[in-house]
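Below: the structure, in C-alpha cells.
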Amino acid sequence: MKNFNELLEELKGYEFSNLYHDDFHHTWDKSQDEVQAIFAVADALRRLREENISTRIFDSGLAISLFRDNSTRTRFSFSSAANLLGLEIQDLDEGKSQVAHGETVKETANMISFMADVIGIRDDMYIGKGHQYMKDVAQYVQEGYDAGTLEQRPTIVNLQCDVDHPTQSMSDMLHVINHFGGVENLKGKKVAMTWAYSPSYGKPLSVPQGIAGLFTRFGMEVALAHPEGYEIMPEVEEIAQKNAEQYGGKFTKTNSMEEAFKDADIVYPKSWAPFKAMEERTELYGNGDFDGIDALEEKLLEQNKQHTDWACTEELMKLTKEGKALYMHCLPADITGVSCETGEVDESVFYRYIDPLYLEASYKPYIIAAMIFMQKVKDPVKTLQRLKDEAKPRVGDL
Amino acid sequence: MKNFNELLEELKGYEFSNLYHDDFHHTWDKSQDEVQAIFAVADALRRLREENISTRIFDSGLAISLFRDNSTRTRFSFSSAANLLGLEIQDLDEGKSQVAHGETVKETANMISFMADVIGIRDDMYIGKGHQYMKDVAQYVQEGYDAGTLEQRPTIVNLQCDVDHPTQSMSDMLHVINHFGGVENLKGKKVAMTWAYSPSYGKPLSVPQGIAGLFTRFGMEVALAHPEGYEIMPEVEEIAQKNAEQYGGKFTKTNSMEEAFKDADIVYPKSWAPFKAMEERTELYGNGDFDGIDALEEKLLEQNKQHTDWACTEELMKLTKEGKALYMHCLPADITGVSCETGEVDESVFYRYIDPLYLEASYKPYIIAAMIFMQKVKDPVKTLQRLKDEAKPRVGDL
Amino acid sequence: MKNFNELLEELKGYEFSNLYHDDFHHTWDKSQDEVQAIFAVADALRRLREENISTRIFDSGLAISLFRDNSTRTRFSFSSAANLLGLEIQDLDEGKSQVAHGETVKETANMISFMADVIGIRDDMYIGKGHQYMKDVAQYVQEGYDAGTLEQRPTIVNLQCDVDHPTQSMSDMLHVINHFGGVENLKGKKVAMTWAYSPSYGKPLSVPQGIAGLFTRFGMEVALAHPEGYEIMPEVEEIAQKNAEQYGGKFTKTNSMEEAFKDADIVYPKSWAPFKAMEERTELYGNGDFDGIDALEEKLLEQNKQHTDWACTEELMKLTKEGKALYMHCLPADITGVSCETGEVDESVFYRYIDPLYLEASYKPYIIAAMIFMQKVKDPVKTLQRLKDEAKPRVGDL
C-alpha cells in the first residue's frame, strides 16, 4: 500500500477539477482520473488518520443524512466520514418533520440546507425513483444557491439509489486495488458478480449494477451470472459493455454460476431482485395496489426458491483460480446455517474471509470522506499537504 | 444590506446588557434596543459566514432541543445555529427518555442540563401550557444553577409556544428590514396579517400573534384581518395596540381580507385556529375528553369551510400597493391546487414569491444564533471583532 | 473539595496504567488505585470546566451509544461526557439499523467502529445477558483491531448491565467522598442500601449490586436490607464480603429496613426485582413464553404489594445518625403522593434532599468522561497539565 507521499504524487497526476462543487450520483458520470483521484484521497486520509493527524477541514457545518431505508454500515460510514472532516451529522427524519404536511421536495431541500455542506441520501426502494429524487434535490438546492438563499451549495452524495451504489462499489474497488497491490495488477483478472439465493426478497439491484458499471473500467473481466429472469437494468449492462471495450476488459453474461466462478480471481455472490419485477413493484406501489405487492412478493419468493442451488459453496469455491478467489460481499450476507437455513454462502467460506470482508467495509468511510473532500476543497493536493505539515493530533493524548 | 463594520457600529449604539444570561420567551419582553441588537448580530454572523470566517465561540457544549410537535425548518434552524456557534445538538426525545416514568419536569430539566448551554423548546399545542412549560424549565435550571449542581445556567430559546413564535417573527422582521433597505424605510408601511383558509385544523396562533406583537414596533400599520370568531389572544392585541402608540404606528382590525390587503406593502395570509376554540381544546385535553376533541375538530373544520374565500388570490394581490406587496409566509403553506384543493394561496402567487419566501426562512438560523450569542457572550462587540480579526476559516479548503 | 493542583498531585500517587486501552465493565475488575484515579480525574475535569478551560482531547472521533432500555440521565451523561472530550455522539438505533436482518453482533460491532473511540452500552434487561453482550462486543472489536480493519480499538463503557452499574455507583461514591470531605473520613460510616416498595416492576438489580460491590471498598459498613425473597446475585454478595474484609469494612444483611437505617450515615432506599425472578424472566423470554412473562409480572406485583411498608418515611429517617443521614437515589424515584400513590420515599424526605440528589447525579458526566480519558490518554497527568497550561477557553466569550 502506498504511503502518504506516494499517494500525493499519484494524485498530482490526475485531472479532477470537475469534482469540485459537483454531486456524486453514479460512478460512470466520472472520468477515470476522477475515480482514481478519489481512491488516492481516500487512502491518503486513511494514512493521516493512522498517524493520528487530524483531517478536519470544517470548523463547523452540517452533513445532512436522509435515509429512506434501514441502514447500519452506510449510515455509520457517512457519519464517520462527516466527523472525520469536521461536519456534524443531522438526520432528516421524515417522520419527525413536516414533509408529510404538504411540503414539497424543493421546500424541504432548501429548508434543511441553510448550513449544510453535504446531503447524503439513500433511496433505493423503487426503480425510477431514487436517482430521480437525488437529481431533484440537487437541482432545488442549486436554485436556492443561485437565488442567494443558501450561502453554500450543499453537494449530494448518493448513499445508494435504485441504479448505483457508488460508495459501496468504490469501497469494493479500493479493497481490490490494495488487495492485489495496485491498479496495474488488475489487468486480465476475472470477477464473478453472481446472483445467489436468499430467503428474503427484493434486495436492491444497485450493488450488482454498481460492480458491473465500475469494475469493467480496470481491464478486468466482469462475469455477470444469474438465473434466467434475474436480469439487471439494460442501461447498466450497456455501460459495462462500453467500459470493457474502452478499458481493455471484458463483460460477459451467463446463466451458470459455475461458469462465472471458473478461474475467477474474485467472487461476489449476492441476492438481488429481478429488474422487471422491481419495475412492476414500483408501478403497483404508485397505484397503491398493496394486495398486488403482496401477491408479487409471494410470486418472487416462490421463484427464488427454484434457485437455492445458487450458493457460494466450498465446492464452487474450488472452481476459482487455485481455489482461492477473493470472496466479497457488501454485507450483511445470508449465511447458510447462521442467519438462515439456506442462503447465499456457506458458513465455512464466509468465516474464512471474515477479515478481508471487514477490511472491504472499512474503506467506505474513507471513500465517502474523499468524495466530500473533492467536492469541497479547491486544491486537494495543497490541502492534504497542509494537513500533513500541520500534523494536528486527532487524539491529543499527551 | 450593511457590511460587517457597519453592523458592528450599529451594535455599539444599542443597550443590550440585559440579554446576557437571560432567556428569550416573547419579543415584547425585550426592549427595542435589544431586538435591534439581535438583528445586527444575526446579520453580522451572516456576513462572517459569507466570508468563510468561523463564528465558533464554543469549543464544546450542548444545545438541547425539545420538540413537542413536528418540525423541519425550526429544528434544522436550531441545529444550524448551534453548530454555527460550536455547540453539539442533543435531542431530548421524550419517548426514549424516562420522562414517562414519573420524572418531574424539574428533574428532567436538571438531568439534561449538566453541560447544556442552551435549551430550545417547541411547545405550541395547548393554550396556557407552552409558555408556562418554558418558564418552568427556566426556573428549574436556575434553581439547579443556584444550588451548584449545574456549572452553567442553560438559557431558554422559545422555538414556538402557545403565545409567541419569536424566532419566526424576528426572522420575518429582519427579512422585511433588509428587503426595504433598513428600519428607517418602514415608517408608514402597511402589513396585512390575515387569516386564510386551510383544509387542516388547529394551526397555532403564535405566528399571527408574533407578527402583531413585533411588527407594530417599527412604525408600521399592522392590519389584522380574520373572519368573525377567529380572534387572537386579547393580551396580544393589547400589546400590539400599545406598541403602535409607543412607536408611532397603527394596529387595526377588520373582518375583511380585502380591506387589509388594500394598499398593503406586505401581506402575510395564513390559517390559524380561533383562540377560544384552542382554549376549549386545552380544557378537553386536560379532562381526557377525546370524544369532545374529535367533535370540536369536526365543528372547526366545518366552520373553516365557510371561509374558503379567504385566500391570497391574484385578484386580491392586485389590491395591494401597486399590486406588488411582499408576500410572506412561515411555511409550509397550503397552496391551492398543489398541496390541497383549496388553500391559503394561489399557486401563481406563491411561486412568484418563492425566492423571497426562502430568503425569509434563511434568516432563522442566524436569528437563533444571535439570540444564543447575546445570551452567552459578555461583550458581543469585542467578540465579533475578535472573530473577524482572527478570521479562522470555516472551511479550510486551501 | 480539592483544587486542580491537589487533584493532580493525588493522581500522581496512583498506579493506573492498566486502565489505558482497557474496557470498563465492573468496578470490582479495577484496583483501588484505578478507582481512585478515576475519581481524581473526574474532579479535575470538573475543576477545569468550572474555570472555562477546554478539556477537548479529541479533534474528531465518534462515541457510539447503544441503549437497549430507555434512559434520560445516563444517555445525557454519556453525551455530555463525549462532548466534553471532543467526541461526537452517534446513536446505534437498533430499530433503524439492519441488526434485525441477520447481522451478527460481531458484524455490527465492527461496522459501527471504524472511527469509534468508545462504545457506551446499556443492556440491563436480562440476567446473564447484558454483561455478556458487552464482553462479546469488546472481543469482536479487539478482533477487528487485531485484523487491521479498525484503526483504533474502541473501548467499552458499561452504562448499566445486568450485574453492575459502574457509572452510577462511581458517581454515587464520588458524591459521598466530597460530601464527607474525603475518602479518609469514610472509615466506619454506615450505608443502608435497602429495598423499597414501588408500584412498578422489574427494576434492575445493578444499582444495589453496584453499591454493594463498590461502597464496601472504603472501610464503610454496607447494610443490605430487603424483604425475604428479594436477594441480589450471590456472586456480588461474595465480592462485597471480600471487599469488606480486604478494606476493613463490613457487609451485613438483614430483612429489616429499620435495622439497616439504625445509625446509618447514608441511606439508599430503592426498589429492585428479586434476582431469582429476573432469572426466571430471562428464561421465559428465551423461550418466547410471553404469557409466562405476563403471569410472572402479575405475581411479582402481588408480591411487591406485601411490602408497601418498605418506604423511606420521615419516621424511618429519624432512626438514622442524628436523624440526618444523607439520602441517596439514582433517580427517578417513586415518590409517595407525587409520582405514585405509595412509593419508595416520602415527599417531604425526597424534597429536603433535592439539592444533594441532583448534585449526586451531576457527577455522572464527569465520571464517564474520566473513564474515557483514562482509556484513551497515555499520560493523564501530563495531558491534564497541558490542558490547564494551554487554558483554551471552552466558551470564547470575549
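Going by the C-alpha cells order, chains are called A, B, ..., each with residues numbered from 1, while ligands are numbered from 1 in the order shown.
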Original post:
For chain B, which residues have at least one atom within 10 Å of chain C, if we go by only C-alpha atoms? Write them as a PyMOL selection string, please.
Top reply: chain B and resi 56-62+64+85-99+101-104+107-108+110-117+143-144+146-152+373-374+376-387
Original post:
Out of stretch 55-276 of chain A, which residues get alpha helix (DSSP H) from DSSP, as a ChimeraX atom specification?
Top reply: /A:73-85,105-111,130-146,166-179,206-215,234-246,257-261,275-276
Just-selected residues, C-alpha atoms written as a PDB file, in the first residue's frame:
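Output (out_3.pdb):
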ATOM      1  CA  ARG A  73     -22.930   0.430   7.796  1.00  0.00           C
ATOM      2  CA  THR A  74     -23.738   3.133   5.271  1.00  0.00           C
ATOM      3  CA  ARG A  75     -25.287   5.299   7.978  1.00  0.00           C
ATOM      4  CA  PHE A  76     -22.240   4.912  10.225  1.00  0.00           C
ATOM      5  CA  SER A  77     -19.874   5.288   7.304  1.00  0.00           C
ATOM      6  CA  PHE A  78     -21.460   8.594   6.367  1.00  0.00           C
ATOM      7  CA  SER A  79     -21.399   9.755   9.989  1.00  0.00           C
ATOM      8  CA  SER A  80     -17.778   8.695  10.307  1.00  0.00           C
ATOM      9  CA  ALA A  81     -16.776  10.453   7.100  1.00  0.00           C
ATOM     10  CA  ALA A  82     -18.547  13.661   8.113  1.00  0.00           C
ATOM     11  CA  ASN A  83     -16.964  13.600  11.560  1.00  0.00           C
ATOM     12  CA  LEU A  84     -13.525  12.916  10.095  1.00  0.00           C
ATOM     13  CA  LEU A  85     -13.773  16.158   8.121  1.00  0.00           C
ATOM     14  CA  VAL A 105     -39.254  18.304  -2.043  1.00  0.00           C
ATOM     15  CA  LYS A 106     -37.972  21.681  -3.214  1.00  0.00           C
ATOM     16  CA  GLU A 107     -39.034  23.297   0.026  1.00  0.00           C
ATOM     17  CA  THR A 108     -37.607  20.613   2.284  1.00  0.00           C
ATOM     18  CA  ALA A 109     -34.361  20.532   0.317  1.00  0.00           C
ATOM     19  CA  ASN A 110     -33.857  24.246   0.859  1.00  0.00           C
ATOM     20  CA  MET A 111     -35.117  24.421   4.437  1.00  0.00           C
ATOM     21  CA  GLY A 130     -34.238   7.089  -6.067  1.00  0.00           C
ATOM     22  CA  HIS A 131     -31.825   8.591  -8.577  1.00  0.00           C
ATOM     23  CA  GLN A 132     -34.522  10.986  -9.780  1.00  0.00           C
ATOM     24  CA  TYR A 133     -35.124  12.138  -6.198  1.00  0.00           C
ATOM     25  CA  MET A 134     -31.421  12.889  -5.732  1.00  0.00           C
ATOM     26  CA  LYS A 135     -31.266  14.813  -9.012  1.00  0.00           C
ATOM     27  CA  ASP A 136     -34.306  16.793  -7.891  1.00  0.00           C
ATOM     28  CA  VAL A 137     -32.741  17.654  -4.550  1.00  0.00           C
ATOM     29  CA  ALA A 138     -29.545  18.696  -6.329  1.00  0.00           C
ATOM     30  CA  GLN A 139     -31.473  20.946  -8.703  1.00  0.00           C
ATOM     31  CA  TYR A 140     -33.503  22.516  -5.916  1.00  0.00           C
ATOM     32  CA  VAL A 141     -30.532  23.398  -3.755  1.00  0.00           C
ATOM     33  CA  GLN A 142     -28.798  24.772  -6.843  1.00  0.00           C
ATOM     34  CA  GLU A 143     -31.794  27.048  -7.360  1.00  0.00           C
ATOM     35  CA  GLY A 144     -31.647  28.088  -3.707  1.00  0.00           C
ATOM     36  CA  TYR A 145     -27.957  28.835  -4.056  1.00  0.00           C
ATOM     37  CA  ASP A 146     -28.456  30.789  -7.272  1.00  0.00           C
ATOM     38  CA  PRO A 166     -21.166   4.217  -5.693  1.00  0.00           C
ATOM     39  CA  THR A 167     -19.906   4.402  -2.096  1.00  0.00           C
ATOM     40  CA  GLN A 168     -20.160   0.601  -2.000  1.00  0.00           C
ATOM     41  CA  SER A 169     -18.624  -0.158  -5.379  1.00  0.00           C
ATOM     42  CA  MET A 170     -15.820   2.369  -4.846  1.00  0.00           C
ATOM     43  CA  SER A 171     -15.022   0.829  -1.433  1.00  0.00           C
ATOM     44  CA  ASP A 172     -15.088  -2.599  -3.021  1.00  0.00           C
ATOM     45  CA  MET A 173     -12.787  -1.459  -5.807  1.00  0.00           C
ATOM     46  CA  LEU A 174     -10.297   0.210  -3.483  1.00  0.00           C
ATOM     47  CA  HIS A 175     -10.228  -3.001  -1.451  1.00  0.00           C
ATOM     48  CA  VAL A 176      -9.452  -4.936  -4.644  1.00  0.00           C
ATOM     49  CA  ILE A 177      -6.772  -2.470  -5.722  1.00  0.00           C
ATOM     50  CA  ASN A 178      -4.989  -2.694  -2.377  1.00  0.00           C
ATOM     51  CA  HIS A 179      -5.515  -6.451  -2.125  1.00  0.00           C
ATOM     52  CA  SER A 206     -27.681  -1.276  -7.103  1.00  0.00           C
ATOM     53  CA  VAL A 207     -24.847  -3.494  -5.860  1.00  0.00           C
ATOM     54  CA  PRO A 208     -24.508  -5.792  -8.895  1.00  0.00           C
ATOM     55  CA  GLN A 209     -25.115  -2.795 -11.152  1.00  0.00           C
ATOM     56  CA  GLY A 210     -22.524  -0.756  -9.302  1.00  0.00           C
ATOM     57  CA  ILE A 211     -19.954  -3.535  -9.683  1.00  0.00           C
ATOM     58  CA  ALA A 212     -20.751  -4.073 -13.363  1.00  0.00           C
ATOM     59  CA  GLY A 213     -20.506  -0.347 -14.017  1.00  0.00           C
ATOM     60  CA  LEU A 214     -17.233   0.210 -12.142  1.00  0.00           C
ATOM     61  CA  PHE A 215     -15.145  -2.975 -12.198  1.00  0.00           C
ATOM     62  CA  PRO A 234     -30.189  -2.971 -19.634  1.00  0.00           C
ATOM     63  CA  GLU A 235     -28.787   0.595 -19.446  1.00  0.00           C
ATOM     64  CA  VAL A 236     -26.216  -0.541 -16.931  1.00  0.00           C
ATOM     65  CA  GLU A 237     -25.282  -3.577 -18.999  1.00  0.00           C
ATOM     66  CA  GLU A 238     -24.605  -1.206 -21.860  1.00  0.00           C
ATOM     67  CA  ILE A 239     -22.339   0.897 -19.685  1.00  0.00           C
ATOM     68  CA  ALA A 240     -20.475  -2.213 -18.583  1.00  0.00           C
ATOM     69  CA  GLN A 241     -20.071  -3.301 -22.190  1.00  0.00           C
ATOM     70  CA  LYS A 242     -18.801   0.114 -23.248  1.00  0.00           C
ATOM     71  CA  ASN A 243     -16.375   0.248 -20.339  1.00  0.00           C
ATOM     72  CA  ALA A 244     -14.998  -3.175 -21.188  1.00  0.00           C
ATOM     73  CA  GLU A 245     -14.299  -2.023 -24.730  1.00  0.00           C
ATOM     74  CA  GLN A 246     -12.784   1.285 -23.703  1.00  0.00           C
ATOM     75  CA  MET A 257     -22.807 -19.796 -11.512  1.00  0.00           C
ATOM     76  CA  GLU A 258     -20.169 -22.471 -12.213  1.00  0.00           C
ATOM     77  CA  GLU A 259     -19.139 -20.833 -15.435  1.00  0.00           C
ATOM     78  CA  ALA A 260     -18.747 -17.471 -13.711  1.00  0.00           C
ATOM     79  CA  PHE A 261     -16.738 -18.942 -10.826  1.00  0.00           C
ATOM     80  CA  PHE A 275     -35.270  -5.726 -12.517  1.00  0.00           C
ATOM     81  CA  LYS A 276     -38.591  -6.308 -14.251  1.00  0.00           C
TER      82      LYS A 276
END
**OP:** Write out as a ChimeraX atom specification all residues of stretch 202-300 of chain A that backbone DSSP assigns to strand (DSSP E).
**Re:** /A:221-225,250-254,266-270
Subject >> Residue neighbourhood C:Ser256, 12 Å, only C-alpha atoms, exclusion window fewer than 2 positions, as a PyMOL selection string >> reply: chain C and resi 192-196+223-228+252-254+258-262+307+309-311+316
Write out, as a short mmCIF file (atom, residue, chain, number, x, y, z; two decimals), in the first residue's frame, the residues just selected, with N, CA and C atoms.
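Saved result, part04.cif, follows:
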data_model
loop_
_atom_site.label_atom_id
_atom_site.label_comp_id
_atom_site.auth_asym_id
_atom_site.auth_seq_id
_atom_site.Cartn_x
_atom_site.Cartn_y
_atom_site.Cartn_z
N ALA C 192 -26.97 2.34 54.44
CA ALA C 192 -28.10 1.42 54.34
C ALA C 192 -28.54 1.34 52.89
N MET C 193 -28.19 0.23 52.24
CA MET C 193 -28.65 0.01 50.85
C MET C 193 -29.88 -0.88 50.99
N THR C 194 -31.05 -0.27 50.89
CA THR C 194 -32.26 -1.04 51.19
C THR C 194 -33.24 -1.08 50.03
N TRP C 195 -33.96 -2.17 49.97
CA TRP C 195 -35.10 -2.29 49.06
C TRP C 195 -36.16 -1.32 49.51
N ALA C 196 -36.99 -0.86 48.58
CA ALA C 196 -38.16 -0.05 48.93
C ALA C 196 -39.27 -0.38 47.95
N ALA C 223 -24.95 -2.02 54.84
CA ALA C 223 -26.03 -2.86 55.37
C ALA C 223 -27.06 -3.04 54.27
N LEU C 224 -27.10 -4.25 53.72
CA LEU C 224 -28.05 -4.55 52.65
C LEU C 224 -29.34 -5.08 53.27
N ALA C 225 -30.45 -4.42 52.98
CA ALA C 225 -31.72 -4.83 53.59
C ALA C 225 -32.78 -5.01 52.52
N HIS C 226 -33.53 -6.07 52.64
CA HIS C 226 -34.64 -6.30 51.71
C HIS C 226 -35.57 -7.34 52.31
N PRO C 227 -36.81 -7.39 51.85
CA PRO C 227 -37.70 -8.45 52.32
C PRO C 227 -37.15 -9.80 51.87
N GLU C 228 -37.53 -10.83 52.55
CA GLU C 228 -37.14 -12.18 52.12
C GLU C 228 -37.60 -12.40 50.68
N THR C 252 -23.18 -6.38 55.88
CA THR C 252 -24.20 -7.09 56.66
C THR C 252 -25.48 -7.19 55.85
N LYS C 253 -26.27 -8.22 56.20
CA LYS C 253 -27.56 -8.40 55.53
C LYS C 253 -28.66 -8.51 56.57
N THR C 254 -29.80 -7.97 56.21
CA THR C 254 -30.93 -8.02 57.16
C THR C 254 -32.23 -7.98 56.37
N GLU C 258 -35.65 -1.10 59.26
CA GLU C 258 -35.34 -0.35 60.47
C GLU C 258 -33.91 -0.63 60.91
N GLU C 259 -33.56 -1.91 60.93
CA GLU C 259 -32.23 -2.29 61.38
C GLU C 259 -31.15 -1.65 60.50
N ALA C 260 -31.41 -1.66 59.20
CA ALA C 260 -30.43 -1.05 58.28
C ALA C 260 -30.32 0.45 58.51
N PHE C 261 -31.46 1.10 58.71
CA PHE C 261 -31.46 2.56 58.86
C PHE C 261 -30.83 3.00 60.19
N LYS C 262 -30.87 2.13 61.17
CA LYS C 262 -30.41 2.49 62.52
C LYS C 262 -28.98 3.02 62.46
N HIS C 307 -45.21 -5.54 50.65
CA HIS C 307 -44.11 -4.83 51.31
C HIS C 307 -44.19 -3.32 51.11
N ASP C 309 -44.81 -1.30 53.20
CA ASP C 309 -44.25 -0.64 54.38
C ASP C 309 -42.74 -0.40 54.25
N TRP C 310 -42.14 -0.96 53.22
CA TRP C 310 -40.72 -0.66 52.97
C TRP C 310 -40.65 0.68 52.24
N ALA C 311 -40.69 1.74 52.98
CA ALA C 311 -40.65 3.08 52.39
C ALA C 311 -39.78 3.97 53.26
N LEU C 316 -38.74 6.74 59.66
CA LEU C 316 -37.57 5.89 59.47
C LEU C 316 -36.29 6.74 59.45
#
Subject >> Pick from B:Lys203, B:Leu8, B:Val349, B:Phe39, whichever lies nearest to B:Gly182 using only C-alpha atoms >> reply: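 Ranked by minimum distance to B:Gly182, first place goes to B:Phe39.
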